[in-house]
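Engineer: My structure is stored as query-v2.txt, with compact mmCIF, C-alpha atoms and all ligand atoms.
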```txt
# COMPACT_ATOMS: atom_id res chain seq x y z
CA MET A 1 114.14 -28.87 -65.45
CA ASN A 2 112.36 -30.66 -62.62
CA GLY A 3 112.14 -28.09 -59.85
CA HIS A 4 111.80 -24.35 -59.48
CA VAL A 5 113.55 -21.85 -61.73
CA LEU A 6 114.92 -20.08 -58.67
CA ARG A 7 114.87 -20.89 -54.97
CA MET A 8 116.47 -18.99 -52.11
CA ASN A 9 116.40 -20.35 -48.55
CA GLY A 10 117.57 -18.18 -45.67
CA VAL A 11 119.75 -16.04 -47.94
CA SER A 12 121.77 -13.26 -46.32
CA VAL A 13 124.60 -11.10 -47.64
CA ARG A 14 126.92 -9.27 -45.25
CA ARG A 15 129.68 -6.80 -46.05
CA ASP A 16 131.69 -5.60 -43.03
CA ASP A 17 129.04 -4.61 -40.48
CA ALA A 18 126.28 -4.13 -43.06
CA GLU A 19 123.60 -6.71 -43.82
CA LEU A 20 122.65 -6.02 -47.47
CA VAL A 21 120.10 -8.82 -47.63
CA ARG A 22 118.77 -10.84 -44.73
CA GLY A 23 116.88 -14.08 -44.39
CA VAL A 24 115.36 -14.11 -47.87
CA GLU A 25 112.98 -16.96 -48.71
CA TRP A 26 111.94 -16.77 -52.36
CA THR A 27 110.76 -19.26 -54.96
CA VAL A 28 110.16 -18.49 -58.64
CA GLU A 29 108.31 -20.95 -60.87
CA GLU A 30 108.70 -21.35 -64.62
CA ASP A 31 105.61 -19.52 -65.88
CA GLU A 32 105.80 -16.64 -63.39
CA ARG A 33 106.75 -13.02 -64.13
CA TRP A 34 108.10 -11.22 -61.06
CA VAL A 35 108.79 -7.63 -60.16
CA VAL A 36 111.16 -6.89 -57.26
CA ILE A 37 110.21 -3.51 -55.91
CA GLY A 38 111.53 -1.25 -53.18
CA PRO A 39 113.33 2.03 -52.40
CA ASN A 40 117.01 2.87 -52.99
CA GLY A 41 119.31 0.64 -50.99
CA ALA A 42 116.67 -2.03 -50.27
CA GLY A 43 118.93 -4.82 -51.55
CA LYS A 44 117.20 -5.43 -54.89
CA THR A 45 120.36 -5.41 -57.02
CA THR A 46 122.16 -7.58 -54.48
CA LEU A 47 119.37 -10.16 -54.68
CA LEU A 48 119.32 -10.06 -58.48
CA SER A 49 123.11 -10.48 -58.62
CA ILE A 50 122.76 -13.66 -56.56
CA ALA A 51 120.07 -14.97 -58.93
CA ALA A 52 122.39 -14.11 -61.84
CA THR A 53 125.09 -16.27 -60.13
CA GLN A 54 127.38 -13.22 -60.05
CA LEU A 55 127.37 -13.00 -56.26
CA PHE A 56 127.44 -15.69 -53.56
CA PRO A 57 125.43 -15.22 -50.39
CA THR A 58 127.17 -15.13 -47.02
CA GLU A 59 124.52 -17.49 -45.70
CA GLY A 60 121.74 -19.66 -47.08
CA GLU A 61 121.02 -21.88 -50.06
CA VAL A 62 120.44 -20.76 -53.65
CA VAL A 63 119.22 -23.07 -56.41
CA VAL A 64 119.10 -21.69 -59.96
CA LEU A 65 117.62 -23.92 -62.70
CA ASP A 66 118.07 -27.00 -60.51
CA GLU A 67 121.74 -26.20 -59.82
CA ARG A 68 122.85 -25.32 -56.30
CA LEU A 69 125.29 -22.40 -56.11
CA GLY A 70 128.53 -23.59 -54.58
CA ALA A 71 128.03 -27.11 -55.97
CA THR A 72 127.90 -26.31 -59.69
CA ASP A 73 130.05 -24.75 -62.39
CA VAL A 74 128.58 -21.23 -62.67
CA PHE A 75 130.26 -20.77 -66.05
CA GLU A 76 127.99 -23.49 -67.45
CA LEU A 77 124.96 -22.05 -65.68
CA ARG A 78 125.42 -18.38 -66.66
CA PRO A 79 124.48 -18.69 -70.35
CA LEU A 80 121.06 -19.96 -69.20
CA VAL A 81 120.49 -16.80 -67.17
CA GLY A 82 120.04 -13.56 -69.13
CA PHE A 83 121.00 -10.47 -67.17
CA ALA A 84 120.78 -6.77 -68.05
CA GLY A 85 121.33 -3.79 -65.81
CA ALA A 86 123.85 -1.18 -64.75
CA ALA A 87 126.31 -3.92 -63.71
CA VAL A 88 126.49 -4.99 -67.37
CA ALA A 89 125.96 -1.55 -68.96
CA ASN A 90 128.89 0.00 -67.09
CA ARG A 91 131.30 -2.59 -68.49
CA VAL A 92 130.45 -2.12 -72.19
CA PRO A 93 133.27 -0.36 -74.07
CA ASP A 94 131.87 2.73 -75.86
CA SER A 95 133.43 1.61 -79.16
CA THR A 96 131.50 -1.72 -79.28
CA THR A 97 129.01 -1.86 -82.13
CA VAL A 98 125.41 -2.76 -81.31
CA LEU A 99 125.51 -5.92 -83.43
CA ASP A 100 128.75 -7.13 -81.79
CA LEU A 101 127.38 -6.37 -78.35
CA VAL A 102 124.32 -8.54 -78.95
CA ILE A 103 126.05 -11.42 -80.78
CA SER A 104 128.91 -11.67 -78.29
CA ALA A 105 126.40 -12.70 -75.59
CA ALA A 106 126.10 -16.05 -77.40
CA TYR A 107 129.80 -16.57 -76.69
CA GLY A 108 129.80 -15.31 -73.11
CA TYR A 109 131.73 -12.16 -74.06
CA LEU A 110 130.89 -8.49 -73.73
CA GLY A 111 131.83 -7.00 -77.13
CA ARG A 112 133.78 -8.50 -79.97
CA PHE A 113 137.00 -10.37 -79.22
CA GLY A 114 138.03 -11.32 -82.76
CA GLU A 115 136.10 -14.59 -82.97
CA GLN A 116 134.22 -15.48 -86.14
CA TYR A 117 130.51 -15.54 -85.52
CA ALA A 118 128.28 -18.13 -87.18
CA THR A 119 125.81 -16.86 -89.77
CA PRO A 120 122.72 -17.87 -87.70
CA ASP A 121 124.03 -15.64 -84.89
CA TYR A 122 123.66 -12.57 -87.13
CA GLY A 123 120.12 -13.64 -87.97
CA ARG A 124 119.11 -14.14 -84.35
CA ALA A 125 120.72 -10.88 -83.21
CA ARG A 126 118.86 -8.96 -85.90
CA VAL A 127 115.54 -10.60 -85.00
CA LEU A 128 116.06 -9.56 -81.37
CA LEU A 129 117.14 -6.02 -82.27
CA ASN A 130 114.05 -5.72 -84.44
CA GLN A 131 111.83 -7.10 -81.65
CA TRP A 132 113.14 -4.36 -79.33
CA GLY A 133 112.86 -1.63 -81.99
CA VAL A 134 116.58 -0.94 -82.39
CA LEU A 135 117.57 -2.81 -85.57
CA HIS A 136 118.30 0.51 -87.30
CA LEU A 137 121.12 1.00 -84.77
CA GLU A 138 122.97 -2.26 -85.54
CA ASP A 139 126.11 -0.52 -86.89
CA ARG A 140 126.19 2.27 -84.29
CA THR A 141 128.65 2.18 -81.39
CA TYR A 142 127.33 1.81 -77.85
CA GLY A 143 128.84 5.15 -76.79
CA THR A 144 126.65 7.06 -79.26
CA LEU A 145 123.32 5.58 -78.06
CA SER A 146 120.73 7.36 -75.94
CA GLU A 147 119.80 5.87 -72.56
CA GLY A 148 116.57 4.40 -73.94
CA GLU A 149 118.38 2.89 -76.92
CA ARG A 150 121.01 1.36 -74.62
CA LYS A 151 118.35 -0.22 -72.44
CA ARG A 152 116.65 -1.88 -75.40
CA VAL A 153 119.93 -3.06 -76.95
CA LEU A 154 121.00 -4.59 -73.63
CA ILE A 155 117.69 -6.42 -73.27
CA ALA A 156 118.08 -7.77 -76.81
CA ARG A 157 121.59 -8.88 -75.79
CA SER A 158 120.34 -10.60 -72.65
CA LEU A 159 118.01 -12.75 -74.80
CA MET A 160 120.68 -13.73 -77.35
CA ALA A 161 121.73 -16.97 -75.63
CA ASP A 162 118.06 -18.04 -75.34
CA PRO A 163 118.08 -18.02 -71.52
CA GLU A 164 115.63 -19.90 -69.32
CA LEU A 165 115.62 -17.10 -66.76
CA LEU A 166 115.78 -13.40 -67.65
CA LEU A 167 116.75 -10.83 -65.00
CA LEU A 168 116.40 -7.12 -65.78
CA ASP A 169 117.68 -4.64 -63.21
CA GLU A 170 115.79 -1.34 -63.49
CA PRO A 171 115.06 -1.58 -67.22
CA ALA A 172 113.07 1.69 -67.18
CA ALA A 173 115.50 3.79 -65.08
CA GLY A 174 116.49 7.02 -66.84
CA LEU A 175 113.84 6.77 -69.55
CA ASP A 176 111.47 9.61 -70.41
CA LEU A 177 107.72 9.00 -70.27
CA GLY A 178 107.48 7.86 -73.90
CA GLY A 179 110.51 5.62 -73.49
CA ARG A 180 109.10 4.09 -70.33
CA GLU A 181 105.73 3.41 -71.88
CA ASP A 182 107.36 1.87 -74.95
CA LEU A 183 109.47 -0.38 -72.75
CA VAL A 184 106.51 -1.38 -70.56
CA ARG A 185 104.59 -2.30 -73.72
CA ARG A 186 107.47 -4.46 -75.02
CA LEU A 187 107.91 -6.14 -71.62
CA ALA A 188 104.18 -6.84 -71.51
CA ALA A 189 104.47 -8.53 -74.92
CA LEU A 190 107.38 -10.61 -73.61
CA ALA A 191 105.41 -11.53 -70.48
CA ASP A 192 102.59 -12.69 -72.72
CA ASP A 193 104.87 -14.89 -74.88
CA ILE A 194 104.69 -18.55 -73.78
CA GLU A 195 108.12 -19.13 -75.35
CA ALA A 196 109.66 -16.37 -73.22
CA PRO A 197 111.97 -17.19 -70.32
CA THR A 198 110.86 -16.82 -66.73
CA LEU A 199 111.06 -13.07 -66.04
CA VAL A 200 112.25 -11.09 -63.02
CA ILE A 201 112.55 -7.30 -63.22
CA VAL A 202 113.69 -4.83 -60.57
CA SER A 203 111.99 -1.46 -60.28
CA HIS A 204 111.55 1.50 -57.94
CA HIS A 205 108.14 2.41 -59.31
CA VAL A 206 104.85 0.51 -59.38
CA GLU A 207 103.96 2.46 -62.55
CA GLU A 208 106.67 0.46 -64.34
CA ILE A 209 105.08 -2.94 -63.69
CA PRO A 210 104.11 -4.26 -67.14
CA PRO A 211 100.72 -5.88 -67.74
CA GLY A 212 101.07 -9.66 -67.59
CA PHE A 213 103.44 -9.63 -64.63
CA THR A 214 102.13 -12.00 -62.01
CA HIS A 215 104.12 -11.71 -58.77
CA GLY A 216 105.78 -9.10 -56.58
CA LEU A 217 108.62 -9.17 -54.06
CA LEU A 218 108.56 -6.03 -51.91
CA MET A 219 111.85 -5.20 -50.17
CA ARG A 220 113.03 -2.72 -47.58
CA GLU A 221 116.40 -2.58 -45.82
CA GLY A 222 117.46 -5.99 -47.06
CA ARG A 223 114.42 -7.91 -45.98
CA ILE A 224 111.19 -8.98 -47.63
CA VAL A 225 108.10 -6.98 -46.68
CA ALA A 226 105.73 -9.07 -48.80
CA SER A 227 105.97 -11.66 -51.55
CA GLY A 228 103.34 -13.35 -53.72
CA PRO A 229 100.77 -12.74 -56.47
CA LEU A 230 100.54 -9.02 -57.33
CA GLU A 231 96.85 -8.81 -56.43
CA ASP A 232 97.70 -10.05 -52.91
CA VAL A 233 100.83 -7.99 -52.17
CA MET A 234 100.16 -4.68 -53.97
CA ASN A 235 98.20 -2.84 -51.33
CA ALA A 236 98.57 0.38 -49.36
CA GLU A 237 99.72 -1.38 -46.20
CA ASN A 238 102.56 -3.30 -47.83
CA LEU A 239 103.74 -0.48 -50.08
CA SER A 240 103.60 2.07 -47.25
CA GLU A 241 105.81 -0.21 -45.17
CA THR A 242 108.13 -0.82 -48.13
CA TYR A 243 108.68 2.89 -48.83
CA GLY A 244 108.34 4.12 -45.25
CA LEU A 245 105.57 6.61 -45.95
CA PRO A 246 101.77 6.45 -46.16
CA LEU A 247 100.78 5.59 -49.73
CA LYS A 248 97.58 5.15 -51.65
CA VAL A 249 97.77 2.36 -54.22
CA GLU A 250 95.44 1.94 -57.17
CA ARG A 251 95.06 -0.52 -59.98
CA ILE A 252 93.84 1.05 -63.21
CA GLY A 253 93.20 -1.61 -65.80
CA GLU A 254 96.37 -3.66 -65.87
CA ARG A 255 98.60 -0.89 -64.49
CA TRP A 256 99.42 0.25 -60.95
CA THR A 257 99.93 3.69 -59.44
CA ALA A 258 101.00 4.83 -55.98
CA ARG A 259 101.07 8.28 -54.38
CA ALA A 260 101.60 9.73 -50.94
CA VAL A 261 98.51 10.50 -48.83
N1 LIG A 301 130.29 -3.89 -50.82
C1 LIG A 301 129.43 -3.26 -50.03
N2 LIG A 301 129.75 -2.93 -48.75
C2 LIG A 301 128.87 -2.30 -47.94
N3 LIG A 301 127.60 -1.99 -48.33
C3 LIG A 301 127.23 -2.27 -49.58
C4 LIG A 301 128.10 -2.93 -50.50
N4 LIG A 301 127.43 -3.11 -51.66
C5 LIG A 301 126.20 -2.58 -51.47
N5 LIG A 301 126.08 -2.08 -50.24
C6 LIG A 301 124.89 -1.45 -49.64
O1 LIG A 301 123.87 -2.43 -49.63
C7 LIG A 301 122.59 -1.82 -49.76
C8 LIG A 301 121.80 -2.55 -50.83
O2 LIG A 301 122.34 -2.25 -52.10
P1 LIG A 301 121.61 -2.68 -53.44
O3 LIG A 301 122.40 -2.09 -54.58
O4 LIG A 301 121.37 -4.13 -53.45
O5 LIG A 301 120.22 -1.93 -53.27
P2 LIG A 301 119.11 -1.58 -54.33
O6 LIG A 301 117.81 -1.91 -53.69
O7 LIG A 301 119.39 -2.22 -55.63
O8 LIG A 301 119.28 -0.01 -54.43
P3 LIG A 301 119.03 1.01 -55.67
O9 LIG A 301 117.57 0.98 -55.91
O10 LIG A 301 119.50 2.32 -55.11
O11 LIG A 301 119.86 0.54 -56.83
C9 LIG A 301 122.86 -0.36 -50.05
O12 LIG A 301 122.65 0.37 -48.86
C10 LIG A 301 124.32 -0.30 -50.44
O13 LIG A 301 124.93 0.91 -50.07
```
Would you kindly transcribe this structure into structure tokens?
Ligand SMILES: Nc1ncnc2c1ncn2[C@@H]1O[C@H](COP(=O)(O)OP(=O)(O)OP(=O)(O)O)[C@@H](O)[C@H]1O
Structural biologist:
Amino acid sequence: MNGHVLRMNGVSVRRDDAELVRGVEWTVEEDERWVVIGPNGAGKTTLLSIAATQLFPTEGEVVVLDERLGATDVFELRPLVGFAGAAVANRVPDSTTVLDLVISAAYGYLGRFGEQYATPDYGRARVLLNQWGVLHLEDRTYGTLSEGERKRVLIARSLMADPELLLLDEPAAGLDLGGREDLVRRLAALADDIEAPTLVIVSHHVEEIPPGFTHGLLMREGRIVASGPLEDVMNAENLSETYGLPLKVERIGERWTARAV
């Protein structure tokens, strides 16, 4: 790859009279780890869906891994972009086994479709399930998993095809405190891994930003409030504007907290 991992120029998405995302300028480089943060309805999932090549903007230019959307075969591009979130989770049949769910990502499927998998696929899937602490669930069906288990299985799945860009939409949503902290710790380890893909996660909460994440994109009502290195953008002024209420923001060690003042 010669250029940026992801570049958006003047990206807008309109549906009927609503502007879901407007005028987004955003560049992600290979070794960066980004968090996209903002309140409900800010346009975070819309933006991530564009990066995942699942959604085309109404306006603007999008380049993913040197390929311009609209001028490339997205079916060739998609295996290079790992994606986990509700948009994927909601489509998984309850009867799919964990191992099938992870392996099928290597074939561009969601769950087993009768194909014979290669032996190395089983090995890789088990390594990933182990890495995310869910190998003991390999024979369980998706429908029987807890929310935290589902999240970790879906992240393992999103890494199966060895993507160059990994997009995780609200990986900590619905997790209890222990589950969140476990996930943050695993994401921090991934952020620290030089072999890991470029990472972009979406979150509502600054407490969920894992150590090792480098950049933040703050969104409100479809537009960018601030974008850049976390130490530059994570301040009371920007976050208060993002959430529409006065906030105090603190950095404690490598973690962030925010509360109303
Ligand atoms: N097809 C559509 N037509 C009209 N409005 C839509 C459509 N899809 C999404 N929206 C609206 O666009 C806005 C942005 O949605 P999006 O899911 O991107 O936000 P988000 O920041 O991910 O929100 P959340 O944190 O609640 O998941 C929301 O107000 C949503 O209701």
Engineer: Can you tell me, as a ChimeraX atom specification, what residues are no more than 10 Å from region 149-161 of chain A when counting all atoms listed in the file, ignoring any on the same chain fewer than 5 positions away?
Structural biologist: /A:78-86,88-89,92,98-108,110,121,124-135,137-138,142-144,166-168,170-175,179,183,186-187,196-197
Engineer: Point out the residue among A:Ala191, A:Leu65, A:Leu217, A:Leu77 with the least atom-to-atom distance to Leu47 (chain A), counting all atoms listed in the file.
Structural biologist: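 The answer is A:Leu217, which sits nearest to Leu47 (chain A).
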Engineer: Tell me, in Å to one decimal, how far atom O6 of ligand LIG 301 (chain A) is from CA of Val206 (chain A).
Structural biologist: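 Atom-to-atom, atom O6 of ligand LIG 301 (chain A) and CA of Val206 (chain A) are spaced 14.4 Å apart.
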Engineer: Nearest to ligand LIG 301 (chain A): which of A:Val62, A:Val184, A:Ile224, A:Ile209 is it, counting only C-alpha atoms and all ligand atoms?
Structural biologist: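 Using only C-alpha atoms and all ligand atoms, the shortest distance to ligand LIG 301 (chain A) belongs to A:Ile224.
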Engineer: Work out how far apart CA of Asn238 (chain A) and CA of Phe56 (chain A) are and give it in Å to one decimal.
Structural biologist: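 Interatomic distance here is 28.4 Å.
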Engineer: Any chance you could export region 213-240 of chain A with N, CA and C atoms, as a PDB file, in the first residue's frame?
Structural biologist:
```
ATOM      1  N   PHE A 213      -4.443   3.598  22.097  1.00  0.00           N
ATOM      2  CA  PHE A 213      -5.140   4.269  20.992  1.00  0.00           C
ATOM      3  C   PHE A 213      -4.570   5.673  20.852  1.00  0.00           C
ATOM      4  N   THR A 214      -4.436   6.111  19.602  1.00  0.00           N
ATOM      5  CA  THR A 214      -3.641   7.313  19.337  1.00  0.00           C
ATOM      6  C   THR A 214      -4.459   8.534  18.924  1.00  0.00           C
ATOM      7  N   HIS A 215      -5.603   8.302  18.234  1.00  0.00           N
ATOM      8  CA  HIS A 215      -6.333   9.415  17.632  1.00  0.00           C
ATOM      9  C   HIS A 215      -7.829   9.350  17.960  1.00  0.00           C
ATOM     10  N   GLY A 216      -8.459  10.520  17.903  1.00  0.00           N
ATOM     11  CA  GLY A 216      -9.895  10.586  18.150  1.00  0.00           C
ATOM     12  C   GLY A 216     -10.599  11.413  17.091  1.00  0.00           C
ATOM     13  N   LEU A 217     -11.805  10.937  16.728  1.00  0.00           N
ATOM     14  CA  LEU A 217     -12.687  11.688  15.829  1.00  0.00           C
ATOM     15  C   LEU A 217     -13.965  11.921  16.621  1.00  0.00           C
ATOM     16  N   LEU A 218     -14.237  13.191  16.966  1.00  0.00           N
ATOM     17  CA  LEU A 218     -15.398  13.519  17.789  1.00  0.00           C
ATOM     18  C   LEU A 218     -16.521  13.999  16.881  1.00  0.00           C
ATOM     19  N   MET A 219     -17.698  13.368  16.990  1.00  0.00           N
ATOM     20  CA  MET A 219     -18.800  13.683  16.071  1.00  0.00           C
ATOM     21  C   MET A 219     -20.054  14.095  16.802  1.00  0.00           C
ATOM     22  N   ARG A 220     -20.769  15.032  16.195  1.00  0.00           N
ATOM     23  CA  ARG A 220     -22.085  15.423  16.686  1.00  0.00           C
ATOM     24  C   ARG A 220     -22.942  15.822  15.487  1.00  0.00           C
ATOM     25  N   GLU A 221     -24.152  15.281  15.435  1.00  0.00           N
ATOM     26  CA  GLU A 221     -25.120  15.614  14.389  1.00  0.00           C
ATOM     27  C   GLU A 221     -24.504  15.539  12.988  1.00  0.00           C
ATOM     28  N   GLY A 222     -23.752  14.478  12.756  1.00  0.00           N
ATOM     29  CA  GLY A 222     -23.250  14.207  11.417  1.00  0.00           C
ATOM     30  C   GLY A 222     -21.991  14.940  11.017  1.00  0.00           C
ATOM     31  N   ARG A 223     -21.523  15.827  11.870  1.00  0.00           N
ATOM     32  CA  ARG A 223     -20.310  16.553  11.491  1.00  0.00           C
ATOM     33  C   ARG A 223     -19.198  16.335  12.524  1.00  0.00           C
ATOM     34  N   ILE A 224     -17.985  16.633  12.089  1.00  0.00           N
ATOM     35  CA  ILE A 224     -16.831  16.446  12.969  1.00  0.00           C
ATOM     36  C   ILE A 224     -16.658  17.674  13.857  1.00  0.00           C
ATOM     37  N   VAL A 225     -16.590  17.423  15.162  1.00  0.00           N
ATOM     38  CA  VAL A 225     -16.309  18.502  16.118  1.00  0.00           C
ATOM     39  C   VAL A 225     -14.800  18.694  16.239  1.00  0.00           C
ATOM     40  N   ALA A 226     -14.077  17.601  16.304  1.00  0.00           N
ATOM     41  CA  ALA A 226     -12.608  17.667  16.407  1.00  0.00           C
ATOM     42  C   ALA A 226     -12.024  16.346  15.941  1.00  0.00           C
ATOM     43  N   SER A 227     -10.802  16.395  15.439  1.00  0.00           N
ATOM     44  CA  SER A 227     -10.160  15.199  14.904  1.00  0.00           C
ATOM     45  C   SER A 227      -8.654  15.352  15.036  1.00  0.00           C
ATOM     46  N   GLY A 228      -7.976  14.325  15.546  1.00  0.00           N
ATOM     47  CA  GLY A 228      -6.521  14.404  15.666  1.00  0.00           C
ATOM     48  C   GLY A 228      -6.003  13.535  16.798  1.00  0.00           C
ATOM     49  N   PRO A 229      -4.738  13.725  17.188  1.00  0.00           N
ATOM     50  CA  PRO A 229      -4.175  12.949  18.295  1.00  0.00           C
ATOM     51  C   PRO A 229      -5.016  13.128  19.563  1.00  0.00           C
ATOM     52  N   LEU A 230      -5.195  12.031  20.324  1.00  0.00           N
ATOM     53  CA  LEU A 230      -6.079  12.084  21.500  1.00  0.00           C
ATOM     54  C   LEU A 230      -5.704  13.207  22.452  1.00  0.00           C
ATOM     55  N   GLU A 231      -4.383  13.403  22.664  1.00  0.00           N
ATOM     56  CA  GLU A 231      -3.985  14.427  23.641  1.00  0.00           C
ATOM     57  C   GLU A 231      -4.376  15.838  23.180  1.00  0.00           C
ATOM     58  N   ASP A 232      -4.604  16.007  21.874  1.00  0.00           N
ATOM     59  CA  ASP A 232      -5.015  17.319  21.365  1.00  0.00           C
ATOM     60  C   ASP A 232      -6.533  17.501  21.383  1.00  0.00           C
ATOM     61  N   VAL A 233      -7.279  16.429  21.112  1.00  0.00           N
ATOM     62  CA  VAL A 233      -8.737  16.588  20.932  1.00  0.00           C
ATOM     63  C   VAL A 233      -9.551  16.293  22.187  1.00  0.00           C
ATOM     64  N   MET A 234      -8.977  15.497  23.116  1.00  0.00           N
ATOM     65  CA  MET A 234      -9.750  15.079  24.291  1.00  0.00           C
ATOM     66  C   MET A 234      -9.667  16.134  25.377  1.00  0.00           C
ATOM     67  N   ASN A 235     -10.454  17.185  25.222  1.00  0.00           N
ATOM     68  CA  ASN A 235     -10.495  18.199  26.264  1.00  0.00           C
ATOM     69  C   ASN A 235     -11.943  18.590  26.538  1.00  0.00           C
ATOM     70  N   ALA A 236     -12.127  19.349  27.615  1.00  0.00           N
ATOM     71  CA  ALA A 236     -13.479  19.674  28.068  1.00  0.00           C
ATOM     72  C   ALA A 236     -14.251  20.436  26.995  1.00  0.00           C
ATOM     73  N   GLU A 237     -13.576  21.338  26.311  1.00  0.00           N
ATOM     74  CA  GLU A 237     -14.260  22.155  25.306  1.00  0.00           C
ATOM     75  C   GLU A 237     -14.823  21.285  24.174  1.00  0.00           C
ATOM     76  N   ASN A 238     -13.985  20.431  23.628  1.00  0.00           N
ATOM     77  CA  ASN A 238     -14.420  19.585  22.510  1.00  0.00           C
ATOM     78  C   ASN A 238     -15.490  18.580  22.936  1.00  0.00           C
ATOM     79  N   LEU A 239     -15.271  17.937  24.097  1.00  0.00           N
ATOM     80  CA  LEU A 239     -16.244  16.918  24.505  1.00  0.00           C
ATOM     81  C   LEU A 239     -17.565  17.537  24.935  1.00  0.00           C
ATOM     82  N   SER A 240     -17.516  18.729  25.525  1.00  0.00           N
ATOM     83  CA  SER A 240     -18.758  19.423  25.901  1.00  0.00           C
ATOM     84  C   SER A 240     -19.554  19.758  24.648  1.00  0.00           C
TER      85      SER A 240
END
```
